[in-house]
Amino acid sequence: MTIETDRLRDLVAAELGRARDRTTLLTESVDEGDLIRQHSPLMSPLVWDLAHVGNQEELWLVRDVGGREPVRRDIDELYDAFKHPRRDRPQLPLLGPGEARRYVATVRDKALDVLSRSRLDGTPLVDQGFAFGMIVQHEQQHDETMLATHQLRTGAPVLEAPPPPAPAVPVTGEALIPAGPFTMGTSTEPWALDNERPAHQVIVPAFHIDRALVTNGQYAAFIDDGGYDDPRWWSEAGWAHRQSAGLVAPQHWSRDGDGWASTSFGRTQRIVADEPVVHVCFHEAAAYAAWAGKRLPTEAEWEKAARLDPATGRSRRFPWGDDPPAAEHANLGQRHLRPAPAGAYPMGVSPWGVHQLIGDVWEWTSTDFHGYPGFAPFPYREYSEVFFGPEYKVLRGGSFGTDRSACRGTFRNWDYPIRRQIFSGFRCARDA
Ligand code: AVJ
Ligand code: FE
């Protein structure tokens, strides 16, 4: 028990440290002006994300779990995401970069002290380190958001990473997933968030799902075929948005002769045909799928393709099994700054032969964000429940910018169907 608890404490401390190293990289690679500036009305200034990460850690770990006195009671309101929409955040009297750095460091010292004294059991909030895991994931989620802010930043490049691996195996066509029940969601994954719970049976009719993500080359063929000018492929809402927003190609694409270039973290190059397309909104993904004679997968189809083990009938944590993601399984964790071509992660393939379900790009599904049967908000309604409803679509699988601690076969992300500043792509499916 004590040795077990000691090991869990060490693991939690290491995960908190990894998240903080990433936050530091994302906030120290730019100058003060870039930290304070708003790079898009869709995003917070980076310095808001930084102090918000510290404030959530203070609220949950220092005050709630630790029962300690507030560090900065006076700033709670400034860093409450529900009090101020992103577009208004630059006008707030935010902590400056130096103050924000000192604040998050003070909070972290206290949180680690709380950790060293916690038994990590006794209440649902701390059992198996849940609150600490929630805060690790929260910081990593904001790190991905800050990476998306970096993507919107103009000026000389500041982030560098080696290219992702080249394809090791050819990947074409579709997998046929037979009809039948599978277990969706989880009741046992210790750090799973409320919206992933509880485990429940879902009956899914037979369907085909693409073994690979839709690529830049495929998407460019849709554009060249006049896909953006043909309302047949678009839903009514999608067409209205395509018209009002003047969409002609994925975000960050520009014309390059008779082809396309794209700009990624400050570097512009001709699109790579066999890389997954990224920075498309739900409406663009759905329009492409209709043009291709297919549709987007439902969320249940995606999870069945990712988790069901045909040998045992059991739903596993990841497409490759229950082992946590290692570098050979998936393109996660900002190790690379772009998605990898199909076949680059043969070790991550599902038993059905579906590749790169985890990592590379968040995959749009056709499903609205709702609670599973038996959903209970935990530990706060504002994590998930207040977003349930038809206005958000679910995305699955994580991107090259998602950390492994915030990604698993059950993890659910959501966004408005018009958003594309996130690292979003898709694969297609169709009825069998
Ligand atoms: C799960 C990515 C939609 O960034 O809005 C961060 C995660 N929740 N702070 C978001 C989150 C509170 C959330 N997403
Ligand atoms: Fe947050």
# chains A, B, ... in the order shown; residues from 1 in each chain; ligands from 1
$ residues_around --residues "Arg9 of chain A" --least-positions-apart "5" --cutoff "9 Å" --atoms "only C-alpha atoms" --output "list of chain:residue names"
A:Glu4, A:Ala14, A:Leu115, A:Ser116, A:Ser118, A:Arg119, A:Leu120, A:Gly129
$ write_last_selection --atoms "C-alpha atoms" --output "PDB file, in the first residue's frame"
ATOM      1  CA  GLU A   4       2.168   1.547  -4.203  1.00  0.00           C
ATOM      2  CA  ALA A  14       6.737  13.210 -13.168  1.00  0.00           C
ATOM      3  CA  LEU A 115       0.961  15.526  -3.134  1.00  0.00           C
ATOM      4  CA  SER A 116       3.711  14.401  -0.763  1.00  0.00           C
ATOM      5  CA  SER A 118      -1.776  12.850   0.272  1.00  0.00           C
ATOM      6  CA  ARG A 119      -2.690   9.166   0.610  1.00  0.00           C
ATOM      7  CA  LEU A 120      -4.250   9.326  -2.880  1.00  0.00           C
ATOM      8  CA  GLY A 129      -4.572  10.435  -7.948  1.00  0.00           C
TER       9      GLY A 129
END
$ residues_near_ligand --ligand "ligand 1" --cutoff "8 Å" --atoms "only C-alpha atoms and all ligand atoms" --output "PDB file with N, CA and C atoms, in the first residue's frame"
ATOM      1  N   ALA A  81     -12.690  30.850 -17.012  1.00  0.00           N
ATOM      2  CA  ALA A  81     -12.974  30.838 -18.455  1.00  0.00           C
ATOM      3  C   ALA A  81     -14.427  31.188 -18.764  1.00  0.00           C
ATOM      4  N   HIS A 138      -5.366  18.932 -17.698  1.00  0.00           N
ATOM      5  CA  HIS A 138      -5.782  20.316 -17.946  1.00  0.00           C
ATOM      6  C   HIS A 138      -4.613  21.139 -18.483  1.00  0.00           C
ATOM      7  N   GLU A 139      -3.444  21.005 -17.855  1.00  0.00           N
ATOM      8  CA  GLU A 139      -2.286  21.775 -18.329  1.00  0.00           C
ATOM      9  C   GLU A 139      -1.901  21.335 -19.745  1.00  0.00           C
ATOM     10  N   GLN A 141      -3.869  20.042 -21.996  1.00  0.00           N
ATOM     11  CA  GLN A 141      -4.885  20.530 -22.942  1.00  0.00           C
ATOM     12  C   GLN A 141      -4.636  21.994 -23.278  1.00  0.00           C
ATOM     13  N   HIS A 142      -4.287  22.785 -22.261  1.00  0.00           N
ATOM     14  CA  HIS A 142      -3.965  24.186 -22.550  1.00  0.00           C
ATOM     15  C   HIS A 142      -2.666  24.300 -23.328  1.00  0.00           C
ATOM     16  N   THR A 145      -3.709  23.950 -26.763  1.00  0.00           N
ATOM     17  CA  THR A 145      -4.344  25.214 -27.166  1.00  0.00           C
ATOM     18  C   THR A 145      -3.271  26.275 -27.441  1.00  0.00           C
ATOM     19  N   GLU A 382     -18.839  22.375 -15.109  1.00  0.00           N
ATOM     20  CA  GLU A 382     -18.278  23.179 -16.196  1.00  0.00           C
ATOM     21  C   GLU A 382     -17.220  22.438 -16.998  1.00  0.00           C
ATOM     22  N   TYR A 383     -16.774  21.228 -16.527  1.00  0.00           N
ATOM     23  CA  TYR A 383     -15.817  20.541 -17.403  1.00  0.00           C
ATOM     24  C   TYR A 383     -16.540  20.092 -18.670  1.00  0.00           C
ATOM     25  N   SER A 384     -17.685  19.378 -18.516  1.00  0.00           N
ATOM     26  CA  SER A 384     -18.356  18.795 -19.684  1.00  0.00           C
ATOM     27  C   SER A 384     -19.816  19.197 -19.811  1.00  0.00           C
ATOM     28  N   ARG A 412     -12.728  12.087 -25.154  1.00  0.00           N
ATOM     29  CA  ARG A 412     -13.657  12.843 -26.010  1.00  0.00           C
ATOM     30  C   ARG A 412     -13.295  14.320 -26.013  1.00  0.00           C
ATOM     31  N   ASN A 413     -13.128  14.860 -27.220  1.00  0.00           N
ATOM     32  CA  ASN A 413     -12.938  16.303 -27.385  1.00  0.00           C
ATOM     33  C   ASN A 413     -14.185  16.819 -28.106  1.00  0.00           C
ATOM     34  N   TRP A 414     -14.413  18.108 -28.059  1.00  0.00           N
ATOM     35  CA  TRP A 414     -15.590  18.654 -28.729  1.00  0.00           C
ATOM     36  C   TRP A 414     -15.298  20.080 -29.159  1.00  0.00           C
ATOM     37  N   ASP A 415     -15.960  20.521 -30.228  1.00  0.00           N
ATOM     38  CA  ASP A 415     -15.833  21.925 -30.643  1.00  0.00           C
ATOM     39  C   ASP A 415     -17.001  22.283 -31.553  1.00  0.00           C
TER      40      ASP A 415
END
$ closest_atom_pairs --of "segment 84-176 of chain A" --to "segment 21-30 of chain A" --cutoff "8 Å" --atoms "only C-alpha atoms" --output "tab-separated table"
residue	atom	partner	partner_atom	distance
A:Glu139	CA	A:Thr23	CA	7.7
A:Gln140	CA	A:Arg22	CA	8.0
A:Asp143	CA	A:Thr23	CA	5.9
A:Met146	CA	A:Leu26	CA	6.9
A:Leu147	CA	A:Leu26	CA	7.1
A:Val158	CA	A:Ser29	CA	6.1
A:Leu159	CA	A:Ser29	CA	7.2
$ write_last_selection --atoms "C-alpha atoms" --output "mmCIF file, in the first residue's frame"
data_model
loop_
_atom_site.group_PDB
_atom_site.id
_atom_site.type_symbol
_atom_site.label_atom_id
_atom_site.label_comp_id
_atom_site.auth_asym_id
_atom_site.auth_seq_id
_atom_site.Cartn_x
_atom_site.Cartn_y
_atom_site.Cartn_z
ATOM 1 C CA GLU A 139 -2.286 21.775 -18.329
ATOM 2 C CA GLN A 140 -1.567 19.531 -21.332
ATOM 3 C CA ASP A 143 -0.510 23.388 -23.943
ATOM 4 C CA MET A 146 -1.146 27.295 -26.823
ATOM 5 C CA LEU A 147 0.367 25.271 -29.683
ATOM 6 C CA VAL A 158 10.307 29.775 -33.078
ATOM 7 C CA LEU A 159 9.343 26.089 -32.762
#
$ residues_around --residues "Leu176 of chain A" --least-positions-apart "3" --cutoff "12 Å" --atoms "only C-alpha atoms" --output "list in words"
Gly173, Ala179, Pro205, Ala206, Phe207, His208, Ile209, Asp210, Arg211, Glu301, Lys304, Ala305, Pro351, Trp352, Gly353, Val354, Ala429, Arg430, Asp431 and Ala432 of chain A
$ write_last_selection --atoms "N, CA and C atoms" --output "PDB file, in the first residue's frame"
ATOM      1  N   GLY A 173      -7.609   1.672 -48.657  1.00  0.00           N
ATOM      2  CA  GLY A 173      -8.909   1.023 -48.543  1.00  0.00           C
ATOM      3  C   GLY A 173      -9.555   1.161 -47.179  1.00  0.00           C
ATOM      4  N   ALA A 179     -21.418  -6.006 -37.509  1.00  0.00           N
ATOM      5  CA  ALA A 179     -22.461  -5.561 -36.590  1.00  0.00           C
ATOM      6  C   ALA A 179     -22.300  -6.248 -35.239  1.00  0.00           C
ATOM      7  N   PRO A 205     -24.451  -1.132 -36.033  1.00  0.00           N
ATOM      8  CA  PRO A 205     -24.586  -1.902 -37.277  1.00  0.00           C
ATOM      9  C   PRO A 205     -23.241  -1.983 -38.009  1.00  0.00           C
ATOM     10  N   ALA A 206     -23.123  -2.958 -38.911  1.00  0.00           N
ATOM     11  CA  ALA A 206     -21.880  -3.123 -39.675  1.00  0.00           C
ATOM     12  C   ALA A 206     -21.558  -1.855 -40.461  1.00  0.00           C
ATOM     13  N   PHE A 207     -20.291  -1.517 -40.541  1.00  0.00           N
ATOM     14  CA  PHE A 207     -19.893  -0.322 -41.298  1.00  0.00           C
ATOM     15  C   PHE A 207     -18.488  -0.512 -41.846  1.00  0.00           C
ATOM     16  N   HIS A 208     -18.170   0.278 -42.856  1.00  0.00           N
ATOM     17  CA  HIS A 208     -16.813   0.355 -43.389  1.00  0.00           C
ATOM     18  C   HIS A 208     -16.188   1.644 -42.871  1.00  0.00           C
ATOM     19  N   ILE A 209     -14.915   1.582 -42.520  1.00  0.00           N
ATOM     20  CA  ILE A 209     -14.210   2.802 -42.106  1.00  0.00           C
ATOM     21  C   ILE A 209     -12.862   2.847 -42.810  1.00  0.00           C
ATOM     22  N   ASP A 210     -12.455   4.032 -43.250  1.00  0.00           N
ATOM     23  CA  ASP A 210     -11.168   4.182 -43.942  1.00  0.00           C
ATOM     24  C   ASP A 210     -10.032   3.722 -43.034  1.00  0.00           C
ATOM     25  N   ARG A 211      -9.090   3.000 -43.601  1.00  0.00           N
ATOM     26  CA  ARG A 211      -7.923   2.559 -42.827  1.00  0.00           C
ATOM     27  C   ARG A 211      -6.951   3.717 -42.597  1.00  0.00           C
ATOM     28  N   GLU A 301     -18.944   4.424 -33.830  1.00  0.00           N
ATOM     29  CA  GLU A 301     -18.181   3.682 -34.838  1.00  0.00           C
ATOM     30  C   GLU A 301     -16.688   3.888 -34.650  1.00  0.00           C
ATOM     31  N   LYS A 304     -15.524   1.967 -31.601  1.00  0.00           N
ATOM     32  CA  LYS A 304     -15.540   0.510 -31.837  1.00  0.00           C
ATOM     33  C   LYS A 304     -14.335   0.107 -32.694  1.00  0.00           C
ATOM     34  N   ALA A 305     -14.059   0.872 -33.747  1.00  0.00           N
ATOM     35  CA  ALA A 305     -12.908   0.567 -34.615  1.00  0.00           C
ATOM     36  C   ALA A 305     -11.598   0.690 -33.838  1.00  0.00           C
ATOM     37  N   PRO A 351      -6.631  -4.084 -34.489  1.00  0.00           N
ATOM     38  CA  PRO A 351      -6.772  -5.450 -35.022  1.00  0.00           C
ATOM     39  C   PRO A 351      -7.533  -5.479 -36.349  1.00  0.00           C
ATOM     40  N   TRP A 352      -8.304  -4.435 -36.625  1.00  0.00           N
ATOM     41  CA  TRP A 352      -9.085  -4.388 -37.868  1.00  0.00           C
ATOM     42  C   TRP A 352      -8.277  -3.791 -39.018  1.00  0.00           C
ATOM     43  N   GLY A 353      -7.037  -3.398 -38.736  1.00  0.00           N
ATOM     44  CA  GLY A 353      -6.191  -2.831 -39.788  1.00  0.00           C
ATOM     45  C   GLY A 353      -6.384  -1.337 -40.001  1.00  0.00           C
ATOM     46  N   VAL A 354      -6.940  -0.664 -39.004  1.00  0.00           N
ATOM     47  CA  VAL A 354      -7.148   0.788 -39.109  1.00  0.00           C
ATOM     48  C   VAL A 354      -5.955   1.499 -38.470  1.00  0.00           C
ATOM     49  N   ALA A 429     -16.301   7.062 -43.472  1.00  0.00           N
ATOM     50  CA  ALA A 429     -16.932   5.766 -43.193  1.00  0.00           C
ATOM     51  C   ALA A 429     -18.111   5.621 -44.149  1.00  0.00           C
ATOM     52  N   ARG A 430     -18.717   4.444 -44.174  1.00  0.00           N
ATOM     53  CA  ARG A 430     -19.981   4.262 -44.897  1.00  0.00           C
ATOM     54  C   ARG A 430     -20.691   3.026 -44.366  1.00  0.00           C
ATOM     55  N   ASP A 431     -21.988   2.967 -44.599  1.00  0.00           N
ATOM     56  CA  ASP A 431     -22.775   1.808 -44.170  1.00  0.00           C
ATOM     57  C   ASP A 431     -22.288   0.575 -44.916  1.00  0.00           C
ATOM     58  N   ALA A 432     -22.386  -0.571 -44.271  1.00  0.00           N
ATOM     59  CA  ALA A 432     -21.998  -1.834 -44.941  1.00  0.00           C
ATOM     60  C   ALA A 432     -23.225  -2.388 -45.675  1.00  0.00           C
TER      61      ALA A 432
END
$ atom_distance --atom1 "atom CA of Thr367 of chain A" --atom2 "atom CA of Leu296 of chain A"
9.2 Å
$ closest_residue --among "A:Phe265, A:Trp191, A:Tyr79, A:Trp60" --to "ligand 2" --atoms "only C-alpha atoms and all ligand atoms"
A:Tyr79
$ select_by_dssp --residues "segment 155-335 of chain A" --states "strand (DSSP E)" --output "PyMOL selection string"
chain A and resi 174-177+180-184+200-204+207-210+253-256+259-264+267-270+308-309+314-315
$ write_last_selection --atoms "C-alpha atoms" --output "compact mmCIF listing (two decimals), in the first residue's frame"
# COMPACT_ATOMS: atom_id res chain seq x y z
CA GLU A 174 -11.36 0.35 -45.77
CA ALA A 175 -11.92 -2.04 -42.89
CA LEU A 176 -15.28 -3.77 -42.45
CA ILE A 177 -16.37 -3.74 -38.82
CA GLY A 180 -22.78 -6.22 -32.90
CA PRO A 181 -22.40 -4.78 -29.44
CA PHE A 182 -19.24 -3.33 -27.91
CA THR A 183 -18.42 -1.58 -24.67
CA MET A 184 -18.12 2.19 -25.14
CA HIS A 200 -21.98 0.99 -21.43
CA GLN A 201 -22.97 -1.37 -24.23
CA VAL A 202 -23.72 0.06 -27.66
CA ILE A 203 -25.01 -1.90 -30.64
CA VAL A 204 -23.42 -0.69 -33.85
CA PHE A 207 -19.89 -0.32 -41.30
CA HIS A 208 -16.81 0.35 -43.39
CA ILE A 209 -14.21 2.80 -42.11
CA ASP A 210 -11.17 4.18 -43.94
CA TRP A 253 -3.49 27.00 -47.31
CA SER A 254 -2.52 29.42 -50.09
CA ARG A 255 -2.32 29.12 -53.86
CA ASP A 256 1.07 28.04 -55.24
CA GLY A 259 -1.28 23.75 -56.67
CA TRP A 260 -1.35 24.61 -52.98
CA ALA A 261 1.09 25.58 -50.25
CA SER A 262 0.41 25.60 -46.54
CA THR A 263 1.97 27.52 -43.68
CA SER A 264 2.86 25.62 -40.54
CA ARG A 267 7.13 27.98 -42.52
CA THR A 268 5.40 27.85 -45.91
CA GLN A 269 5.91 24.91 -48.25
CA ARG A 270 4.04 23.08 -50.97
CA LEU A 308 -12.85 -3.59 -29.86
CA ASP A 309 -10.58 -6.63 -29.78
CA ARG A 314 -13.32 -6.76 -25.01
CA SER A 315 -12.80 -3.02 -25.47
$ residues_around --residues "segment 324-334 of chain A" --least-positions-apart "2" --cutoff "7 Å" --atoms "only C-alpha atoms" --output "list in words"
Asp322, His336, Leu337, Tyr345, Met347, Gly348, Gln356, Ile358, Gly359, Asp360, Ser399, Phe400, Gly401, Thr402, Asp403 and Arg404 of chain A
$ select_by_dssp --residues "segment 4-56 of chain A" --states "alpha helix (DSSP H)" --output "PyMOL selection string"
chain A and resi 4-28+32-36+46-56
$ residues_around --residues "segment 220-222 of chain A" --least-positions-apart "4" --cutoff "10 Å" --atoms "only C-alpha atoms" --output "MDAnalysis selection string"
chainID A and resid 215:216 226:228 249:250 259:260 271 273 277 287:289 291:292
$ closest_atom_pairs --of "segment 141-220 of chain A" --to "segment 36-39 of chain A" --cutoff "9 Å" --atoms "only C-alpha atoms" --output "tab-separated table"
residue	atom	partner	partner_atom	distance
A:Thr149	CA	A:His39	CA	6.6
A:His150	CA	A:His39	CA	8.2
A:Leu152	CA	A:His39	CA	6.1
A:Arg153	CA	A:His39	CA	5.5
A:Thr154	CA	A:His39	CA	7.9
$ closest_residue --among "A:Glu57, A:Pro190, A:Ala245, A:Pro373" --to "Asp127 of chain A" --atoms "only C-alpha atoms"
A:Pro190
$ atom_distance --atom1 "atom CA of Gly246 of chain A" --atom2 "atom CA of Ser424 of chain A"
19.1 Å
